[in-house]
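Q: Got a structure for you, written out below as structure tokens; questions coming shortly.
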2 protein chains.
Amino acid sequence: MKFRTLEWKSGALYLLDQRRLPNRVETVICRNPDQVSEAIRNLTVRGAPAIGVAAAYGMALAASDRSALPDAGGVLKSSRPTAVNLAWAVDRMLTKSAELNGAAPADLRAALEREAIAIHNEDAEMCKRIGEFGAPLLANGMSVLTHCNAGALATAGIGTALGVIYTAAAQGKKLHVYAGETRPVLQGARLTMWELMQEGIPATLVTDSTVASLFAAGKIDAVIVGADRIARNGDVANKIGTYNIAVLAAHHGVPFYVAAPRSTFDDKIATGADIPIEERSATEVTEIGGQRLAPQNAVVYSPAFDVTPSQLITAISSDTGVELGGRS
Amino acid sequence: MKFRTLEWKSGALYLLDQRRLPNRVETVICRNPDQVSEAIRNLTVRGAPAIGVAAAYGMALAASDRSALPDAGGVLKSSRPTAVNLAWAVDRMLTKSAELNGAAPADLRAALEREAIAIHNEDAEMCKRIGEFGAPLLANGMSVLTHCNAGALATAGIGTALGVIYTAAAQGKKLHVYAGETRPVLQGARLTMWELMQEGIPATLVTDSTVASLFAAGKIDAVIVGADRIARNGDVANKIGTYNIAVLAAHHGVPFYVAAPRSTFDDKIATGADIPIEERSATEVTEIGGQRLAPQNAVVYSPAFDVTPSQLITAISSDTGVELGGRS
């Protein structure tokens, strides 16, 4: 990758500021868990795997005071409710600190730093495996639709959905990507287009509403998206608009793939109906850069995620293999 | 209505500048057909019926020189290719001028002005009848999804899709409207929300991607949209994203209605595949108010319209009655 989404340097967490992309490439430095929580909340860092890794470093940043760890974990977990990776990473850091009960503060700090780095490296490794398992799903010459950003910017590695595309491209397959812009925060336009152009993958930007006519015109051979949480029955919570695309893909007979690490599977959740769906603020819809796009006092409903039932999913590529969804 | 979309005053066409809504209520004055054509092209005035009326006035503004009429008609017709009402209105004005072959210039001018005013009044009357025929489709307490703006701002009357809603509301039915924001030009956020709030109809703004989860949650009882052109087989060209909603409505068993005047039916077109689809410029997708939303040089595909096959349409309410679509 030609950029770093997260970097741990001199005991601080450096985040590529995704709110500024694609216009500016800037870094935000976090030195305590509150700053990490704020960076997750305000979308400086986003993407389920990346916020898990960021939260792990957030816990490492709290480790100088053992008694502060549970509070730090609570603050970090509450930053965003839908992605399960966030809670998973915090809990893993809390488990590690519990194992080190009685350790000297410096030892605890060093151990939690090592644990966060391990989570970081495992995430990169997971992306690599997701890409290797998923790449055979994409054939030479395909046009692939993706939504939001499930790329290197959403992980500590090459990405999940885009990782599959990068891996297939590295194997010599010529692919063309359609990126849905992904309103309201425009992760597709701002982030996916930016990283695909950085990496030299041919890509075309479309509004989310253009998707159906692309399908109707036979311009899409496959869909691949990431996931924020996967229920036991295979239902997938992902960025709002994913479910639209899944219905349209099924209607037009186009395969619909999800790429996500095992840490996205939440065995405590039976079906998609039980996944908590975050609601975002109205201003994400009514304003862009301070410019108003809707009348003052307009009522807005803006869920950040939707749930795609397993029946609409062809297959899920994870770091342990490809499992068939309910549509296949 | 608490506002005027188009007004003919002292021999000039006054247009409510829809590019500035909802932030500013400003008027653009057109005194020749080129200015009308430019206003149609740059979306000062938009909506298939409204651009038909505007084009009629554009022809009236050319009437001082009979020899200029064919050229004016050509320029006006070329302003936007998809809406059939535009060509229909221009042809009607040309027919009228041909009938007046040999008339004195002042008489020709007066006759074409009367003809444009007649088209204007007929459009308002058509909206009224579409509303009266369509209102029984909506029951008290319904939540109705609409897309783009098929309201008073899109016509010379109360609107087509929103005209049905206004008429049902005036009959005492309590309705709630969900307005899809309609990227890239945001006619739903900027125009539909503005006029519904002006008229006191409860409305909630959603991104286009939120539509599927609204359907899944049972929050939508009916969809009603306008049309830019209707083929002989009942296929409907309308704002990009309409087809997405039609597939989703069918998937969730929610009725999908179209409201449009007879002048939108194009008997020269056999099926939707023959309707020319306008492509808009990339900057409508990549910029808002000069602010970049995507990387420099991002490739963009931005068709302005899509085609909804008749099989996905429950019924079409026009000024001559309600006819069943292929889904009923």
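Going by the structure tokens order, chains are called A, B, ..., each with residues numbered from 1, while ligands are numbered from 1 in the order shown.
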Using only C-alpha atoms, which protein or nucleic acid residues come within 6 Å of segment 49-53 of chain B? Drop anything in the same chain fewer than 2 positions from it, and give the result as number ranges by chain.
A: B: 46-47, 55-56, 85-86, 89, 120, 154-156
Q: Please dump the current selection as an mmCIF file, in the first residue's frame; keep all heavy atoms.
A:
```cif
data_model
loop_
_atom_site.group_PDB
_atom_site.id
_atom_site.type_symbol
_atom_site.label_atom_id
_atom_site.label_comp_id
_atom_site.auth_asym_id
_atom_site.auth_seq_id
_atom_site.Cartn_x
_atom_site.Cartn_y
_atom_site.Cartn_z
ATOM 1 N N ARG B 46 -36.699 22.919 -13.707
ATOM 2 C CA ARG B 46 -36.565 21.493 -14.026
ATOM 3 C C ARG B 46 -37.884 20.809 -13.720
ATOM 4 O O ARG B 46 -38.794 21.429 -13.160
ATOM 5 C CB ARG B 46 -35.375 20.822 -13.322
ATOM 6 C CG ARG B 46 -34.897 21.383 -12.048
ATOM 7 C CD ARG B 46 -35.862 21.239 -10.930
ATOM 8 N NE ARG B 46 -36.329 19.872 -10.782
ATOM 9 C CZ ARG B 46 -37.451 19.524 -10.192
ATOM 10 N NH1 ARG B 46 -38.255 20.445 -9.694
ATOM 11 N NH2 ARG B 46 -37.804 18.262 -10.073
ATOM 12 N N GLY B 47 -37.967 19.549 -14.061
ATOM 13 C CA GLY B 47 -39.238 18.828 -13.947
ATOM 14 C C GLY B 47 -39.865 18.817 -15.325
ATOM 15 O O GLY B 47 -40.017 19.863 -15.956
ATOM 16 N N ALA B 55 -40.476 26.075 -22.074
ATOM 17 C CA ALA B 55 -40.118 26.066 -23.496
ATOM 18 C C ALA B 55 -41.198 26.750 -24.332
ATOM 19 O O ALA B 55 -40.889 27.448 -25.314
ATOM 20 C CB ALA B 55 -39.894 24.628 -23.969
ATOM 21 N N ALA B 56 -42.460 26.572 -23.965
ATOM 22 C CA ALA B 56 -43.550 27.247 -24.691
ATOM 23 C C ALA B 56 -43.360 28.764 -24.590
ATOM 24 O O ALA B 56 -43.455 29.484 -25.597
ATOM 25 C CB ALA B 56 -44.899 26.827 -24.115
ATOM 26 N N ASN B 85 -42.055 16.142 -22.756
ATOM 27 C CA ASN B 85 -42.921 17.326 -22.686
ATOM 28 C C ASN B 85 -42.283 18.530 -23.359
ATOM 29 O O ASN B 85 -42.967 19.393 -23.913
ATOM 30 C CB ASN B 85 -43.212 17.712 -21.234
ATOM 31 C CG ASN B 85 -43.506 16.515 -20.368
ATOM 32 O OD1 ASN B 85 -42.686 15.605 -20.298
ATOM 33 N ND2 ASN B 85 -44.656 16.496 -19.734
ATOM 34 N N LEU B 86 -40.958 18.596 -23.295
ATOM 35 C CA LEU B 86 -40.217 19.713 -23.883
ATOM 36 C C LEU B 86 -40.439 19.743 -25.394
ATOM 37 O O LEU B 86 -40.860 20.771 -25.956
ATOM 38 C CB LEU B 86 -38.731 19.512 -23.541
ATOM 39 C CG LEU B 86 -37.696 20.482 -24.051
ATOM 40 C CD1 LEU B 86 -38.020 21.906 -23.625
ATOM 41 C CD2 LEU B 86 -36.313 20.092 -23.508
ATOM 42 N N ALA B 89 -44.140 20.541 -26.273
ATOM 43 C CA ALA B 89 -44.544 21.947 -26.142
ATOM 44 C C ALA B 89 -43.986 22.770 -27.303
ATOM 45 O O ALA B 89 -44.680 23.628 -27.876
ATOM 46 C CB ALA B 89 -44.060 22.507 -24.804
ATOM 47 N N HIS B 120 -49.585 26.650 -20.161
ATOM 48 C CA HIS B 120 -49.361 26.871 -18.728
ATOM 49 C C HIS B 120 -50.628 26.493 -17.937
ATOM 50 O O HIS B 120 -50.586 25.692 -17.003
ATOM 51 C CB HIS B 120 -48.999 28.349 -18.525
ATOM 52 C CG HIS B 120 -48.589 28.707 -17.128
ATOM 53 N ND1 HIS B 120 -47.737 29.753 -16.849
ATOM 54 C CD2 HIS B 120 -48.925 28.193 -15.919
ATOM 55 C CE1 HIS B 120 -47.562 29.848 -15.544
ATOM 56 N NE2 HIS B 120 -48.275 28.919 -14.954
ATOM 57 N N ALA B 154 -41.936 21.310 -10.074
ATOM 58 C CA ALA B 154 -41.651 20.595 -11.329
ATOM 59 C C ALA B 154 -42.724 20.831 -12.377
ATOM 60 O O ALA B 154 -42.650 20.273 -13.474
ATOM 61 C CB ALA B 154 -41.530 19.095 -11.047
ATOM 62 N N THR B 155 -43.721 21.640 -12.044
ATOM 63 C CA THR B 155 -44.865 21.847 -12.936
ATOM 64 C C THR B 155 -45.305 23.310 -12.853
ATOM 65 O O THR B 155 -44.719 24.096 -12.114
ATOM 66 C CB THR B 155 -46.075 20.978 -12.488
ATOM 67 O OG1 THR B 155 -46.503 21.450 -11.194
ATOM 68 C CG2 THR B 155 -45.719 19.514 -12.402
ATOM 69 N N ALA B 156 -46.365 23.623 -13.593
ATOM 70 C CA ALA B 156 -46.976 24.943 -13.470
ATOM 71 C C ALA B 156 -48.189 24.883 -12.547
ATOM 72 O O ALA B 156 -48.928 25.856 -12.421
ATOM 73 C CB ALA B 156 -47.374 25.458 -14.848
#
```
Q: Going by DSSP on the backbone, which bits of segment 96-162 of chain B are strand (DSSP E)? Write them as a list in words, please.
A: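 Answer for segment 96-162 of chain B, restricted to strand (DSSP E): Ser143, Val144, Leu145 and Thr146 of chain B.
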Q: Please identify every residue of segment 173-255 of chain B that has at least one atom no farther than 12 Å from an atom of segment 22-39 of chain B, counting only C-alpha atoms, and for each give the shortest atom pair and the distance in Å to one decimal, arranged by chain then increasing number, as JSON lines.
A:
```
{"residue": "B:Leu186", "atom": "CA", "partner": "B:Pro22", "partner_atom": "CA", "distance": 10.7}
{"residue": "B:Gln187", "atom": "CA", "partner": "B:Pro22", "partner_atom": "CA", "distance": 10.0}
{"residue": "B:Gly188", "atom": "CA", "partner": "B:Pro22", "partner_atom": "CA", "distance": 10.8}
{"residue": "B:Ala189", "atom": "CA", "partner": "B:Pro22", "partner_atom": "CA", "distance": 8.6}
{"residue": "B:Arg190", "atom": "CA", "partner": "B:Pro22", "partner_atom": "CA", "distance": 5.3}
{"residue": "B:Leu191", "atom": "CA", "partner": "B:Pro22", "partner_atom": "CA", "distance": 6.7}
{"residue": "B:Thr192", "atom": "CA", "partner": "B:Pro22", "partner_atom": "CA", "distance": 9.7}
{"residue": "B:Met193", "atom": "CA", "partner": "B:Pro22", "partner_atom": "CA", "distance": 8.6}
{"residue": "B:Trp194", "atom": "CA", "partner": "B:Pro22", "partner_atom": "CA", "distance": 6.1}
{"residue": "B:Glu195", "atom": "CA", "partner": "B:Pro22", "partner_atom": "CA", "distance": 9.1}
{"residue": "B:Leu196", "atom": "CA", "partner": "B:Pro22", "partner_atom": "CA", "distance": 11.7}
{"residue": "B:Met197", "atom": "CA", "partner": "B:Pro22", "partner_atom": "CA", "distance": 10.7}
{"residue": "B:Gln198", "atom": "CA", "partner": "B:Pro22", "partner_atom": "CA", "distance": 10.8}
```
Q: Using only C-alpha atoms, which chain A residues lie at most 6 Å away from chain B, written as JSON, numbers by chain?
A: {"A": [22, 189, 190, 194, 204, 205, 206, 209, 212, 241, 244, 293, 294, 295, 299, 300, 301]}
Q: Please produce a file of the residues just selected, as a PDB file, in the first residue's frame, where the atoms kept are C-alpha atoms.
A:
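Heads up, here's the output in result-v2.pdb:
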```pdb
ATOM      1  CA  PRO A  22      -9.168  12.993  -0.816  1.00  0.00           C
ATOM      2  CA  ALA A 189     -16.241   8.777  -3.441  1.00  0.00           C
ATOM      3  CA  ARG A 190     -13.636  10.060  -1.014  1.00  0.00           C
ATOM      4  CA  TRP A 194      -8.713   7.565  -3.611  1.00  0.00           C
ATOM      5  CA  THR A 204     -15.578   4.502 -11.938  1.00  0.00           C
ATOM      6  CA  LEU A 205     -17.536   6.510  -9.394  1.00  0.00           C
ATOM      7  CA  VAL A 206     -21.342   6.348  -9.411  1.00  0.00           C
ATOM      8  CA  SER A 209     -28.886   5.478  -7.162  1.00  0.00           C
ATOM      9  CA  ALA A 212     -29.796  -0.430 -10.443  1.00  0.00           C
ATOM     10  CA  GLY A 241     -27.203   0.943   1.187  1.00  0.00           C
ATOM     11  CA  ASN A 244     -30.361  -2.106  -1.434  1.00  0.00           C
ATOM     12  CA  LEU A 293     -28.276  20.895   1.273  1.00  0.00           C
ATOM     13  CA  ALA A 294     -31.753  20.843   2.828  1.00  0.00           C
ATOM     14  CA  PRO A 295     -34.081  23.335   4.508  1.00  0.00           C
ATOM     15  CA  VAL A 299     -36.441  16.149   9.821  1.00  0.00           C
ATOM     16  CA  VAL A 300     -33.850  13.508   8.879  1.00  0.00           C
ATOM     17  CA  TYR A 301     -33.600   9.769   9.475  1.00  0.00           C
TER      18      TYR A 301
END
```
Q: Looking only at the backbone, which of the residues in segment 165-312 of chain B does DSSP tag as alpha helix (DSSP H), as number ranges by chain?
A: B: 165-170, 187, 193-198, 211-216, 242-251, 283-286
Q: Go ahead and dump the residues you just picked, N, CA, C and O atoms, as a compact mmCIF listing (two decimals), in the first residue's frame.
A:
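So out-v5.txt came out as:
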```txt
# COMPACT_ATOMS: atom_id res chain seq x y z
N ILE B 165 -50.35 13.77 -3.43
CA ILE B 165 -50.23 13.86 -1.97
C ILE B 165 -50.97 15.10 -1.45
O ILE B 165 -51.74 15.02 -0.47
N TYR B 166 -50.79 16.26 -2.10
CA TYR B 166 -51.49 17.49 -1.66
C TYR B 166 -53.00 17.30 -1.73
O TYR B 166 -53.73 17.74 -0.84
N THR B 167 -53.46 16.65 -2.81
CA THR B 167 -54.91 16.48 -2.97
C THR B 167 -55.46 15.55 -1.90
O THR B 167 -56.50 15.83 -1.29
N ALA B 168 -54.75 14.45 -1.64
CA ALA B 168 -55.19 13.52 -0.59
C ALA B 168 -55.18 14.21 0.77
O ALA B 168 -56.10 14.04 1.58
N ALA B 169 -54.15 15.02 1.02
CA ALA B 169 -54.06 15.73 2.31
C ALA B 169 -55.21 16.74 2.42
O ALA B 169 -55.79 16.89 3.50
N ALA B 170 -55.53 17.41 1.31
CA ALA B 170 -56.63 18.39 1.33
C ALA B 170 -57.96 17.71 1.59
O ALA B 170 -58.91 18.33 2.08
N GLN B 187 -32.50 17.04 -5.59
CA GLN B 187 -33.82 17.66 -5.73
C GLN B 187 -34.75 17.26 -4.57
O GLN B 187 -35.62 18.04 -4.18
N MET B 193 -38.29 18.61 0.04
CA MET B 193 -38.40 18.96 1.46
C MET B 193 -38.85 20.41 1.61
O MET B 193 -39.69 20.72 2.45
N TRP B 194 -38.32 21.31 0.78
CA TRP B 194 -38.69 22.73 0.87
C TRP B 194 -40.18 22.91 0.61
O TRP B 194 -40.88 23.54 1.40
N GLU B 195 -40.67 22.33 -0.47
CA GLU B 195 -42.07 22.60 -0.77
C GLU B 195 -43.01 21.88 0.18
O GLU B 195 -44.06 22.43 0.55
N LEU B 196 -42.67 20.68 0.65
CA LEU B 196 -43.53 20.00 1.63
C LEU B 196 -43.57 20.79 2.94
O LEU B 196 -44.63 20.91 3.57
N MET B 197 -42.41 21.33 3.35
CA MET B 197 -42.39 22.13 4.58
C MET B 197 -43.19 23.43 4.39
O MET B 197 -43.91 23.86 5.29
N GLN B 198 -43.08 24.04 3.21
CA GLN B 198 -43.89 25.23 2.90
C GLN B 198 -45.38 24.92 3.03
O GLN B 198 -46.16 25.74 3.51
N VAL B 211 -33.50 3.79 1.65
CA VAL B 211 -34.81 3.34 1.18
C VAL B 211 -35.05 1.86 1.48
O VAL B 211 -36.12 1.48 1.98
N ALA B 212 -34.07 1.01 1.23
CA ALA B 212 -34.29 -0.43 1.40
C ALA B 212 -34.58 -0.77 2.86
O ALA B 212 -35.46 -1.58 3.15
N SER B 213 -33.87 -0.14 3.79
CA SER B 213 -34.15 -0.47 5.19
C SER B 213 -35.49 0.10 5.64
O SER B 213 -36.13 -0.47 6.52
N LEU B 214 -35.94 1.20 5.05
CA LEU B 214 -37.29 1.68 5.35
C LEU B 214 -38.32 0.65 4.92
O LEU B 214 -39.26 0.34 5.66
N PHE B 215 -38.15 0.10 3.72
CA PHE B 215 -39.06 -0.95 3.25
C PHE B 215 -39.01 -2.15 4.20
O PHE B 215 -40.04 -2.69 4.60
N ALA B 216 -37.80 -2.58 4.54
CA ALA B 216 -37.66 -3.78 5.38
C ALA B 216 -38.33 -3.58 6.73
O ALA B 216 -38.87 -4.52 7.31
N THR B 242 -35.02 5.86 -9.54
CA THR B 242 -36.43 5.43 -9.53
C THR B 242 -36.52 3.92 -9.71
O THR B 242 -37.28 3.23 -9.02
N TYR B 243 -35.71 3.39 -10.62
CA TYR B 243 -35.73 1.95 -10.88
C TYR B 243 -35.28 1.16 -9.65
O TYR B 243 -35.86 0.12 -9.32
N ASN B 244 -34.24 1.68 -8.93
CA ASN B 244 -33.83 1.03 -7.66
C ASN B 244 -35.05 0.86 -6.76
O ASN B 244 -35.29 -0.22 -6.21
N ILE B 245 -35.79 1.96 -6.58
CA ILE B 245 -36.92 1.97 -5.65
C ILE B 245 -38.01 1.01 -6.14
O ILE B 245 -38.64 0.31 -5.34
N ALA B 246 -38.22 0.97 -7.45
CA ALA B 246 -39.26 0.09 -8.00
C ALA B 246 -38.94 -1.37 -7.72
O ALA B 246 -39.83 -2.16 -7.35
N VAL B 247 -37.67 -1.77 -7.89
CA VAL B 247 -37.27 -3.16 -7.59
C VAL B 247 -37.48 -3.44 -6.10
O VAL B 247 -38.02 -4.48 -5.71
N LEU B 248 -37.07 -2.49 -5.25
CA LEU B 248 -37.19 -2.68 -3.80
C LEU B 248 -38.65 -2.72 -3.37
O LEU B 248 -39.02 -3.51 -2.50
N ALA B 249 -39.48 -1.88 -3.98
CA ALA B 249 -40.91 -1.88 -3.63
C ALA B 249 -41.53 -3.22 -3.98
O ALA B 249 -42.28 -3.80 -3.18
N ALA B 250 -41.21 -3.74 -5.17
CA ALA B 250 -41.76 -5.04 -5.57
C ALA B 250 -41.27 -6.13 -4.62
O ALA B 250 -42.05 -6.99 -4.18
N HIS B 251 -39.98 -6.08 -4.27
CA HIS B 251 -39.40 -7.10 -3.37
C HIS B 251 -40.13 -7.11 -2.03
O HIS B 251 -40.26 -8.16 -1.41
N THR B 283 -18.92 16.73 -12.62
CA THR B 283 -18.80 17.64 -11.48
C THR B 283 -20.06 17.66 -10.61
O THR B 283 -19.98 17.98 -9.44
N GLU B 284 -21.23 17.30 -11.18
CA GLU B 284 -22.42 17.21 -10.32
C GLU B 284 -22.22 16.16 -9.23
O GLU B 284 -22.80 16.26 -8.15
N VAL B 285 -21.40 15.15 -9.52
CA VAL B 285 -21.13 14.09 -8.54
C VAL B 285 -19.91 14.42 -7.68
O VAL B 285 -19.90 14.16 -6.48
N THR B 286 -18.89 15.02 -8.30
CA THR B 286 -17.62 15.18 -7.59
C THR B 286 -17.49 16.48 -6.81
O THR B 286 -16.52 16.66 -6.07
```
Q: Go ahead and compute the interatomic distance for atom CA of Trp8 of chain B and atom CA of Ser64 of chain B, in Å to one decimal.
A: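 So the two atoms, atom CA of Trp8 of chain B and atom CA of Ser64 of chain B, lie 16.5 Å apart.
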Q: Measure the distance from atom CA of Ser310 of chain B to atom CA of Arg80 of chain B in Å and round it to one decimal.
A: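 Those two atoms sit 23.7 Å apart.
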Q: One decimal, Å: what's the distance from atom CA of Asp17 of chain B over to atom CA of Ile40 of chain B, could you say?
A: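 Between atom CA of Asp17 of chain B and atom CA of Ile40 of chain B the gap works out to 10.7 Å.
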Q: Rank B:Arg41, B:Lys268, B:Lys9, B:Lys174 by their smallest atom-to-atom distance to Glu113 of chain B, using only C-alpha atoms, and report the top residue only.
A: B:Lys9
Q: Find the spatial neighbours of Ala83 of chain B, counting only C-alpha atoms, within a cut-off of 8 Å - ignore same-chain residues fewer than 4 positions away - and output them as a list in words.
A: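 Those residues are Ala48, Ala87, Asp228, Arg229 and Thr264 of chain B.
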Q: Residues within 9 Å of Cys127 of chain A, please, as a list in words. Count only C-alpha atoms; anything in the same chain fewer than 3 positions from it doesn't count.
A: Glu122, Asp123, Ala124, Ile130, Gly131, Glu132, Ala152, Thr155, Ala156, Gly157, Ile158, Gly159, Thr160, Gly163, Val164, Ala260, Pro261, Ser318 and Asp319 of chain A
Q: For a quick check of understanding, using only C-alpha atoms, which of B:Tyr14, B:Phe3, B:Trp88, B:Tyr57 has the smallest distance to Glu115 of chain B?
A: B:Tyr57
Q: Excluding same-chain residues fewer than 5 positions from Ile316 of chain A, what lies within 7 Å of it counting only C-alpha atoms, as a ChimeraX atom specification?
A: /A:257-259,322-325
Q: Taking 4 positions as the minimum chain separation for residues in the same chain, which residues sit within 8 Å of Ile230 of chain B when counting only C-alpha atoms? Answer as number ranges by chain.
A: B: 234-237, 264-266, 272
Q: Report as a short mmCIF file (atom, residue, chain, number, x, y, z; two decimals) with N, CA, C and O atoms, in the first residue's frame all protein, DNA and RNA residues lying within 12 Å of Ser97 of chain B, evaluated on only C-alpha atoms, omitting residues in the same chain fewer than 6 positions from it.
A:
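Listing of out_5.cif after writing:
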```cif
data_model
loop_
_atom_site.label_atom_id
_atom_site.label_comp_id
_atom_site.auth_asym_id
_atom_site.auth_seq_id
_atom_site.Cartn_x
_atom_site.Cartn_y
_atom_site.Cartn_z
N ALA B 56 -42.46 26.57 -23.97
CA ALA B 56 -43.55 27.25 -24.69
C ALA B 56 -43.36 28.76 -24.59
O ALA B 56 -43.45 29.48 -25.60
N MET B 59 -40.64 29.90 -26.83
CA MET B 59 -41.08 30.09 -28.21
C MET B 59 -41.84 31.41 -28.35
O MET B 59 -41.70 32.13 -29.35
N ALA B 60 -42.66 31.74 -27.36
CA ALA B 60 -43.39 33.02 -27.40
C ALA B 60 -42.39 34.18 -27.44
O ALA B 60 -42.62 35.20 -28.11
N ALA B 62 -39.62 34.17 -28.89
CA ALA B 62 -38.99 34.23 -30.21
C ALA B 62 -39.93 34.77 -31.28
O ALA B 62 -39.54 34.98 -32.43
N ALA B 63 -41.20 35.03 -30.91
CA ALA B 63 -42.25 35.22 -31.92
C ALA B 63 -42.18 36.55 -32.65
O ALA B 63 -42.87 36.74 -33.65
N SER B 64 -41.34 37.46 -32.17
CA SER B 64 -41.27 38.74 -32.89
C SER B 64 -40.64 38.56 -34.26
O SER B 64 -40.79 39.40 -35.14
N ASP B 65 -39.93 37.45 -34.46
CA ASP B 65 -39.33 37.18 -35.78
C ASP B 65 -39.70 35.75 -36.18
O ASP B 65 -39.09 34.78 -35.71
N ARG B 66 -40.69 35.63 -37.08
CA ARG B 66 -41.19 34.31 -37.46
C ARG B 66 -40.08 33.38 -37.94
O ARG B 66 -40.06 32.19 -37.63
N SER B 67 -39.12 33.97 -38.66
CA SER B 67 -38.06 33.12 -39.23
C SER B 67 -37.15 32.53 -38.15
O SER B 67 -36.42 31.58 -38.39
N ALA B 68 -37.21 33.13 -36.95
CA ALA B 68 -36.35 32.63 -35.87
C ALA B 68 -36.97 31.45 -35.14
O ALA B 68 -36.29 30.78 -34.34
N LEU B 69 -38.24 31.17 -35.40
CA LEU B 69 -38.94 30.16 -34.59
C LEU B 69 -38.36 28.75 -34.72
O LEU B 69 -38.16 28.07 -33.70
N PRO B 70 -38.08 28.28 -35.96
CA PRO B 70 -37.53 26.90 -36.04
C PRO B 70 -36.21 26.76 -35.28
O PRO B 70 -36.01 25.77 -34.56
N GLY B 73 -36.85 26.70 -31.63
CA GLY B 73 -37.39 25.39 -31.26
C GLY B 73 -36.29 24.34 -31.14
O GLY B 73 -36.27 23.54 -30.20
N VAL B 90 -42.73 22.53 -27.67
CA VAL B 90 -42.13 23.26 -28.79
C VAL B 90 -42.89 22.97 -30.09
O VAL B 90 -43.23 23.89 -30.85
N ASP B 91 -43.20 21.69 -30.31
CA ASP B 91 -43.93 21.33 -31.54
C ASP B 91 -45.32 21.97 -31.58
O ASP B 91 -45.78 22.40 -32.63
N ALA B 103 -49.90 35.89 -40.87
CA ALA B 103 -50.38 36.85 -39.88
C ALA B 103 -49.35 37.96 -39.69
O ALA B 103 -48.15 37.75 -39.90
N ALA B 104 -49.82 39.12 -39.27
CA ALA B 104 -48.90 40.24 -38.97
C ALA B 104 -48.06 39.86 -37.76
O ALA B 104 -48.52 39.11 -36.89
N PRO B 105 -46.82 40.38 -37.68
CA PRO B 105 -45.93 40.03 -36.56
C PRO B 105 -46.58 40.23 -35.19
O PRO B 105 -46.47 39.37 -34.32
N ASP B 107 -49.71 40.13 -34.43
CA ASP B 107 -50.75 39.11 -34.21
C ASP B 107 -50.12 37.76 -33.89
O ASP B 107 -50.61 37.02 -33.03
N LEU B 108 -49.03 37.42 -34.61
CA LEU B 108 -48.33 36.16 -34.34
C LEU B 108 -47.83 36.15 -32.89
O LEU B 108 -48.00 35.17 -32.16
N ARG B 109 -47.22 37.28 -32.50
CA ARG B 109 -46.67 37.37 -31.14
C ARG B 109 -47.79 37.18 -30.11
O ARG B 109 -47.65 36.41 -29.15
N ALA B 110 -48.88 37.87 -30.32
CA ALA B 110 -50.01 37.78 -29.37
C ALA B 110 -50.57 36.36 -29.34
O ALA B 110 -50.88 35.82 -28.27
N ALA B 111 -50.65 35.74 -30.51
CA ALA B 111 -51.23 34.39 -30.57
C ALA B 111 -50.31 33.38 -29.88
O ALA B 111 -50.78 32.48 -29.17
N LEU B 112 -48.98 33.53 -30.07
CA LEU B 112 -48.06 32.57 -29.43
C LEU B 112 -48.01 32.80 -27.92
O LEU B 112 -47.85 31.84 -27.15
N GLU B 113 -48.15 34.05 -27.52
CA GLU B 113 -48.22 34.32 -26.07
C GLU B 113 -49.46 33.63 -25.49
O GLU B 113 -49.38 32.97 -24.46
N ARG B 114 -50.60 33.79 -26.19
CA ARG B 114 -51.83 33.13 -25.72
C ARG B 114 -51.67 31.61 -25.67
O ARG B 114 -52.13 30.95 -24.74
N GLU B 115 -50.98 31.07 -26.69
CA GLU B 115 -50.80 29.61 -26.74
C GLU B 115 -49.94 29.13 -25.56
O GLU B 115 -50.24 28.10 -24.94
N ALA B 116 -48.86 29.88 -25.26
CA ALA B 116 -48.00 29.49 -24.12
C ALA B 116 -48.78 29.58 -22.81
O ALA B 116 -48.67 28.69 -21.95
#
```
Q: Of the residues B:Gly74, B:Gly151, B:Gly58, B:Pro136, which is the one nearest to Arg4 of chain B, using only C-alpha atoms?
A: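 So, comparing all the options, the nearest one is B:Gly151.
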